[in-house]
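The structure file protein-v3.txt is reproduced below (compact mmCIF, C-alpha atoms).
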# COMPACT_ATOMS: atom_id res chain seq x y z
CA MET A 41 -187.90 -130.31 33.27
CA GLY A 42 -190.48 -131.98 35.50
CA TYR A 43 -191.03 -133.38 38.96
CA ALA A 44 -190.17 -136.59 40.76
CA VAL A 45 -193.21 -137.13 42.99
CA ARG A 46 -193.00 -139.64 45.82
CA ASN A 47 -195.38 -142.58 45.41
CA ASP A 48 -196.94 -141.81 48.79
CA GLY A 49 -197.65 -138.24 47.64
CA LEU A 50 -195.79 -136.74 50.58
CA GLY A 51 -193.10 -134.89 48.65
CA PHE A 52 -191.55 -133.97 45.33
CA ARG A 53 -188.38 -132.56 43.82
CA ALA A 54 -187.52 -130.88 40.53
CA VAL A 55 -185.72 -133.15 38.02
CA ASP A 56 -184.56 -132.84 34.42
CA SER A 57 -186.17 -136.06 33.19
CA ALA A 58 -187.80 -139.33 34.20
CA ASP A 59 -184.31 -140.86 34.26
CA ASP A 60 -183.60 -138.79 37.37
CA CYS A 61 -186.35 -140.49 39.41
CA ILE A 62 -185.31 -142.96 42.06
CA ALA A 63 -187.20 -145.90 43.53
CA GLY A 64 -190.48 -144.78 45.04
CA GLU A 65 -190.89 -141.78 42.71
CA ILE A 66 -193.03 -141.12 39.63
CA TYR A 67 -192.10 -138.57 36.94
CA ARG A 68 -194.66 -135.82 36.22
CA ASP A 69 -194.45 -132.89 33.83
CA GLU A 70 -196.59 -130.88 36.24
CA LEU A 71 -197.43 -131.22 39.89
CA PRO A 72 -200.75 -132.92 40.53
CA THR A 73 -203.51 -130.65 41.71
CA PRO A 74 -204.46 -130.14 44.37
CA TRP A 75 -201.00 -130.11 45.92
CA PRO A 76 -200.39 -131.57 48.31
CA PRO A 77 -202.71 -134.36 47.30
CA VAL A 78 -205.63 -134.89 49.66
CA PRO A 79 -204.84 -137.91 51.82
CA THR A 80 -207.13 -140.89 51.85
CA LEU A 81 -209.12 -141.57 55.00
CA THR A 82 -206.73 -144.40 55.91
CA GLN A 83 -203.66 -142.19 55.37
CA ALA A 84 -205.18 -139.42 57.48
CA GLN A 85 -206.00 -141.90 60.24
CA ASP A 86 -202.47 -143.32 60.21
CA VAL A 87 -200.93 -139.85 60.44
CA GLN A 88 -203.32 -138.72 63.19
CA LEU A 89 -202.74 -141.88 65.23
CA ALA A 90 -198.98 -141.27 65.05
CA VAL A 91 -199.46 -137.65 66.15
CA LEU A 92 -201.69 -138.74 69.03
CA TYR A 93 -199.18 -141.39 70.13
CA ALA A 94 -196.40 -138.78 70.21
CA SER A 95 -198.65 -136.55 72.33
CA TYR A 96 -199.37 -139.48 74.63
CA GLN A 97 -195.66 -140.15 75.10
CA ALA A 98 -195.08 -136.50 75.95
CA ALA A 99 -198.01 -136.48 78.40
CA THR A 100 -196.59 -139.46 80.29
CA GLN A 101 -193.36 -137.55 80.87
CA VAL A 102 -194.64 -134.26 82.26
CA ASP A 103 -193.03 -133.38 85.58
CA VAL A 104 -195.15 -134.35 88.61
CA ASN A 105 -195.80 -132.72 91.97
CA HIS A 106 -195.39 -134.75 95.14
CA THR A 107 -195.39 -133.97 98.84
CA SER A 108 -193.06 -136.15 100.89
CA VAL A 109 -193.81 -137.79 104.23
CA ALA A 110 -191.81 -134.92 105.77
CA ARG A 111 -194.32 -132.52 104.10
CA VAL A 112 -191.85 -131.18 101.52
CA ALA A 113 -193.73 -130.28 98.35
CA ALA A 114 -191.71 -130.36 95.15
CA THR A 115 -191.90 -131.00 91.43
CA TYR A 116 -190.01 -134.01 90.07
CA ASP A 117 -188.73 -134.95 86.63
CA ALA A 118 -190.85 -137.64 84.99
CA ASP A 119 -189.01 -138.25 81.72
CA SER A 120 -188.37 -141.88 80.77
CA THR A 121 -184.92 -141.98 82.36
CA SER A 122 -186.22 -140.52 85.63
CA GLN A 123 -189.11 -142.98 85.68
CA LEU A 124 -186.77 -145.91 85.12
CA THR A 125 -184.39 -144.69 87.83
CA LEU A 126 -187.33 -144.30 90.22
CA LEU A 127 -188.62 -147.78 89.37
CA VAL A 128 -185.23 -149.32 90.14
CA ALA A 129 -184.90 -147.37 93.41
CA THR A 130 -188.46 -148.15 94.52
CA THR A 131 -188.09 -151.84 93.71
CA GLY A 132 -184.66 -152.14 95.29
CA TYR A 133 -185.46 -150.29 98.48
CA ASN A 134 -188.79 -152.07 98.76
CA LEU A 135 -186.89 -155.37 98.73
CA ALA A 136 -184.41 -153.96 101.26
CA GLY A 137 -187.28 -152.79 103.44
CA ALA A 138 -186.25 -149.13 103.73
CA THR A 139 -184.16 -146.37 102.24
CA PRO A 140 -180.74 -145.80 103.81
CA LYS A 141 -180.18 -143.02 106.33
CA GLY A 142 -179.73 -139.67 104.59
CA PHE A 143 -181.39 -140.84 101.36
CA TYR A 144 -182.79 -138.11 99.14
CA TRP A 145 -184.40 -137.66 95.74
CA LEU A 146 -183.58 -134.74 93.48
CA SER A 147 -186.44 -132.41 92.66
CA ALA A 148 -186.76 -130.90 89.18
CA ASP A 149 -184.89 -127.82 90.45
CA ASN A 150 -182.11 -130.09 91.84
CA ARG A 151 -182.99 -129.76 95.52
CA GLN A 152 -182.08 -132.77 97.65
CA VAL A 153 -185.42 -133.76 99.19
CA PRO A 154 -185.14 -136.32 102.03
CA PHE A 155 -187.04 -139.43 100.94
CA GLU A 156 -188.20 -142.56 102.68
CA LEU A 157 -189.60 -145.68 101.06
CA PRO A 158 -193.21 -144.39 101.20
CA ASP A 159 -192.02 -141.28 99.32
CA LEU A 160 -190.52 -143.38 96.53
CA LYS A 161 -193.74 -145.38 96.30
CA GLY A 162 -195.88 -142.24 96.37
CA LEU A 163 -193.86 -140.46 93.70
CA TYR A 164 -193.94 -143.54 91.49
CA ALA A 165 -197.70 -143.86 92.05
CA SER A 166 -198.10 -140.25 90.89
CA MET A 167 -196.18 -140.99 87.72
CA LEU A 168 -198.18 -144.16 87.11
CA ALA A 169 -201.45 -142.28 87.61
CA GLN A 170 -200.34 -139.62 85.14
CA GLY A 171 -199.49 -142.34 82.63
CA ASN A 172 -202.80 -144.11 83.19
CA ILE A 173 -204.79 -140.93 82.60
CA ALA A 174 -202.83 -140.30 79.40
CA PHE A 175 -203.31 -143.91 78.27
CA SER A 176 -207.06 -143.71 78.79
CA LYS A 177 -207.19 -140.46 76.83
CA LEU A 178 -205.15 -142.04 74.02
CA GLN A 179 -207.52 -145.00 73.79
CA THR A 180 -210.54 -142.68 73.59
CA LEU A 181 -208.93 -140.55 70.88
CA LYS A 182 -207.80 -143.60 68.90
CA ALA A 183 -211.37 -144.90 68.90
CA GLU A 184 -212.60 -141.51 67.67
CA VAL A 185 -210.02 -141.51 64.86
CA ARG A 186 -210.99 -145.02 63.78
CA ALA A 187 -214.70 -144.11 63.87
CA ALA A 188 -214.27 -140.89 61.88
CA THR A 189 -215.63 -141.08 58.34
CA THR A 190 -213.96 -138.07 56.72
CA VAL A 191 -210.41 -136.75 56.50
CA ALA A 192 -211.52 -133.45 58.03
CA ALA A 193 -213.11 -135.25 60.98
CA VAL A 194 -209.92 -137.25 61.54
CA GLN A 195 -207.72 -134.15 61.41
CA ALA A 196 -209.98 -132.37 63.92
CA ILE A 197 -209.19 -134.98 66.59
CA THR A 198 -206.30 -133.63 68.63
CA TRP A 199 -204.75 -134.26 72.04
CA ILE A 200 -205.64 -130.85 73.44
Can you give me the file's structure in the form of structure tokens?
Amino acid sequence: MGYAVRNDGLGFRAVDSADDCIAGEIYRDELPTPWPPVPTLTQAQDVQLAVLYASYQAATQVDVNHTSVARVAATYDADSTSQLTLLVATTGYNLAGATPKGFYWLSADNRQVPFELPDLKGLYASMLAQGNIAFSKLQTLKAEVRAATTVAAVQAITWI
């Protein structure tokens, strides 16, 4: 009995013999020590950049607060689907010149908030600003990751 260790060092499984290994695995009688293997600086940077990008994506989709022209303050969904829907509505009604009578936008708690064209533009501007802040933060953190010279330094760079 031994172990089929993935070539990238990110996992293993118990096997009876080397014949049980599949592509991308190496047979070992014992697990390498230390386990898990210490990542190289490049591997640590790649992993941390992926983690930071996921955090960036989440940060661009946090619900936003907006106060309408009619002075109604509410929180609005800012997930990707909501942003796309808002982009289409803002673009379309901007081309039309105005929103139709009785137009509303749903708040995060599903209230129908009366909206005019400036409200659509303002809400979209809030979402864009949130995304821009997150993008700037991502660029700063990516530069820090790339400049780090040790695995520990790379792993210490987090979104929060």
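As for CA of Ser120 (chain A) and CA of Phe143 (chain A), they are spaced 21.8 Å apart.
Remark: for Gln85 (chain A), the closest of the candidate residues A:Ile197, A:Gly171, A:Gly162, A:Arg186 is A:Arg186 (distances computed over all atoms listed in the file).
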| task | Please provide as an MDAnalysis selection string all residues within 8 Å of region 95-110 of chain A, with the sequence filter that same-chain residues fewer than 3 positions apart are discarded (counting only C-alpha atoms). | result | chainID A and resid 91:92 113:120 148 154:156 158:159 162:163 166:167 170:171 174:175 178 199
| CA of Tyr144 (chain A) to CA of Ala129 (chain A): how many Å, to one decimal? |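 So the answer is 11.1 Å.
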| query | Which polymer residues have any atom within 8 Å of an atom of Tyr164 (chain A), counting only C-alpha atoms, with same-chain residues fewer than 6 positions away left out, as a PyMOL selection string? | reply | chain A and resi 123+126-127+130
| note | Across A:Gln88, A:Gln83, A:Ser176, A:Ala138, the smallest distance to Ala196 (chain A), with all atoms listed in the file counted, is shown by A:Gln88
